[in-house]
Amino acid sequence: MLNYILKKIGYGVLVVFGVVTLVFFLFNILPGDPARMMLGQRADEQSVEMIHKDLGLDKPLSVQYLNYLNDLSPVSFHSTVSTSNFFLDSSKYTSFTTLIKAGSDRVILKKPYLRRSYQSKREVSQILKQAFPNTIILALAAMAIAFITGVILGSISSLYANTWVDRLIQFLTSVGMSLPSFFAAIIIAWLFAFVLSDYTHLSMFGSLYAVDDLGGGEHLQLKNLILPALTLGIRPLAVITELTKATLLDVYSQDYIRTARAKGLNNRQVIWRHALKNALNPVITAASGWFASLIAGAVFVEYIFDWKGVGVVIVDSLEKYDFPVVMGALLVVCVLLVLINILTDILYGLLDPRVRLQ
């Protein structure tokens, strides 16, 4: 099992490297100049050249790419002066450990450096550290709603297959799958936060914390989580419902299920004690994949509900050509996806001994 986990980690590193390469070249060949966006109407050629030099954009694209990999790598080559094309100034890091030193050049051990925002000059890691918790909370809440409700609806649909109950659930899941997130967000916000606001007492806009206008500081507002989490969880809920039904119908034909029924167990006992545990593997696979997708796909939902997460940060950064922030956000989402896939493979062995590796 250890060799298998190490192999998965190796594949994950290759995936992250491929994403870093693709994202870097994609955003560096796009039309638009970050320097001119920073200067606005005051832009002149001399000022633009100075900013290009300060940001390292005056170097060839291949050198910029090597420097970017050097910043992301935990083991990096650096110099105490920034005159070399392939060695960067190590003084920009908050903490590092020198492993090898030869003159002014050194090999250091450090945290991955996502660089600074072109606009705010803040470190990208600090921006994402502030925004990502809200997105993670939103994705977890959406996946919890989708997984619990989807498994329950799928179990009911499998018990009442080919009846009006099954057809009603299928109709609802079809509608959920066909609705784009941004359209579902508008409909849900209008219905529950406008038309039915007197009954739901929900707000159309708001984040996890609300600032008191009277100087009382920030207050936790969990009710603001309901609508965006429901909107974000609709599509995975539909997938989990259909997948749970399909896998349960397949499990019902197994010999041990017939044996359990022959012992006199009712449907609830058969499902919860025997069938559901063995039917959850494909459901967990779908849930794990959807969780990472929810983090990446929360952009529209966060923007519509004004949820202060990474989606709002990405949209604002794209409008301002603030590429380090966008690239850092995509890289963090990629790493989360790889970690989730590895944890899912480990969870397989815990749920189903048949897939454990010797």
# chains A, B, ... in the order shown; residues from 1 in each chain; ligands from 1
$ select_by_dssp --residues "stretch 100-290 of chain A" --states "alpha helix (DSSP H)" --output "MDAnalysis selection string"
chainID A and resid 124:159 164:178 181:190 197:200 226:252 255:262 267:270 276:290
$ residues_around --residues "stretch 22-29 of chain A" --least-positions-apart "5" --cutoff "9 Å" --atoms "only C-alpha atoms" --output "list in words"
Phe17, Leu61, Tyr65, Tyr68, Phe323, Met327, Leu330 and Leu331 of chain A
$ write_last_selection --atoms "C-alpha atoms" --output "short mmCIF file (atom, residue, chain, number, x, y, z; two decimals), in the first residue's frame"
data_model
loop_
_atom_site.label_atom_id
_atom_site.label_comp_id
_atom_site.auth_asym_id
_atom_site.auth_seq_id
_atom_site.Cartn_x
_atom_site.Cartn_y
_atom_site.Cartn_z
CA PHE A 17 3.94 20.40 -12.89
CA LEU A 61 9.71 33.99 -21.61
CA TYR A 65 9.32 30.34 -16.68
CA TYR A 68 8.67 30.99 -11.72
CA PHE A 323 -1.99 37.25 -13.13
CA MET A 327 -2.15 31.63 -11.24
CA LEU A 330 -5.45 27.82 -9.89
CA LEU A 331 -2.32 26.16 -8.54
#
$ select_by_dssp --residues "stretch 78-277 of chain A" --states "strand (DSSP E or B)" --output "ChimeraX atom specification"
/A:78-79,88-89,96-102,105-110,116,123,209-211,218-220
$ residues_around --residues "A:Ala286" --least-positions-apart "2" --cutoff "12 Å" --atoms "only C-alpha atoms" --output "count of residues only"
29
$ closest_residue --among "A:Ile51, A:Leu114, A:Val315, A:Met177" --to "A:Tyr303" --atoms "only C-alpha atoms"
A:Val315
$ closest_residue --among "A:Phe192, A:Tyr118, A:Phe183, A:Trp307" --to "A:Val325" --atoms "only C-alpha atoms"
A:Tyr118
$ atom_distance --atom1 "atom CA of A:Lys263" --atom2 "atom CA of A:Leu249"
19.7 Å
$ residues_around --residues "stretch 122-132 of chain A" --least-positions-apart "2" --cutoff "12 Å" --atoms "only C-alpha atoms" --output "NGL selection string"
:A and (72 or 92-94 or 111-120 or 134-139 or 207-208 or 295-296 or 298-299 or 302 or 307-314 or 317 or 322-333 or 336)
$ write_last_selection --atoms "C-alpha atoms" --output "compact mmCIF listing (two decimals), in the first residue's frame"
# COMPACT_ATOMS: atom_id res chain seq x y z
CA LEU A 72 7.45 27.57 -6.52
CA LYS A 92 12.25 38.52 -0.74
CA TYR A 93 11.39 35.37 1.25
CA THR A 94 10.16 35.70 4.80
CA LYS A 111 8.09 27.62 1.37
CA PRO A 112 6.68 27.80 -2.18
CA TYR A 113 6.55 31.46 -3.15
CA LEU A 114 3.48 32.52 -5.17
CA ARG A 115 4.85 36.03 -5.72
CA ARG A 116 3.06 39.32 -5.11
CA SER A 117 -0.05 40.91 -6.53
CA TYR A 118 0.60 43.42 -9.29
CA GLN A 119 -2.10 45.73 -7.93
CA SER A 120 -2.05 45.55 -4.13
CA ASN A 134 -14.67 30.91 2.88
CA THR A 135 -14.58 28.92 -0.36
CA ILE A 136 -13.66 25.69 1.47
CA ILE A 137 -16.53 26.20 3.93
CA LEU A 138 -18.94 26.84 1.07
CA ALA A 139 -17.77 23.76 -0.86
CA SER A 207 -20.65 36.50 3.40
CA LEU A 208 -19.80 34.33 6.38
CA ILE A 295 -13.99 24.79 -5.24
CA ALA A 296 -13.06 25.69 -8.82
CA ALA A 298 -17.75 28.46 -7.10
CA VAL A 299 -16.76 31.60 -9.03
CA GLU A 302 -19.74 33.51 -4.99
CA TRP A 307 -19.62 35.53 -0.91
CA LYS A 308 -16.10 36.70 -0.08
CA GLY A 309 -14.20 33.68 -1.38
CA VAL A 310 -11.59 32.85 -3.96
CA GLY A 311 -14.14 33.19 -6.78
CA VAL A 312 -14.51 36.92 -6.19
CA VAL A 313 -10.71 37.23 -5.95
CA ILE A 314 -10.23 35.45 -9.31
CA SER A 317 -7.81 39.74 -10.59
CA ASP A 322 -3.35 40.56 -11.86
CA PHE A 323 -1.99 37.25 -13.13
CA PRO A 324 0.04 36.14 -10.07
CA VAL A 325 -3.16 36.00 -8.01
CA VAL A 326 -5.06 34.02 -10.67
CA MET A 327 -2.15 31.63 -11.24
CA GLY A 328 -1.71 31.11 -7.50
CA ALA A 329 -5.41 30.36 -7.03
CA LEU A 330 -5.45 27.82 -9.89
CA LEU A 331 -2.32 26.16 -8.54
CA VAL A 332 -3.80 25.78 -5.06
CA VAL A 333 -7.01 24.29 -6.52
CA LEU A 336 -6.24 20.26 -3.51
$ closest_residue --among "A:Ala275, A:Asp166, A:Arg268, A:Ile108" --to "A:Asp255" --atoms "only C-alpha atoms"
A:Ala275
$ atom_distance --atom1 "atom CA of A:Asn162" --atom2 "atom CA of A:Ala142"
29.0 Å
$ closest_residue --among "A:Leu66, A:Leu248, A:Leu339, A:Ile148" --to "A:Ile9" --atoms "only C-alpha atoms"
A:Leu339
$ atom_distance --atom1 "atom CA of A:Gly176" --atom2 "atom CA of A:Ile234"
5.6 Å
$ residues_around --residues "A:Ala185" --least-positions-apart "6" --cutoff "10 Å" --atoms "only C-alpha atoms" --output "PyMOL selection string"
chain A and resi 179+191+204+227-232+300-305
$ residues_around --residues "A:Ser155" --least-positions-apart "4" --cutoff "7 Å" --atoms "only C-alpha atoms" --output "PyMOL selection string"
chain A and resi 151+159+244-245
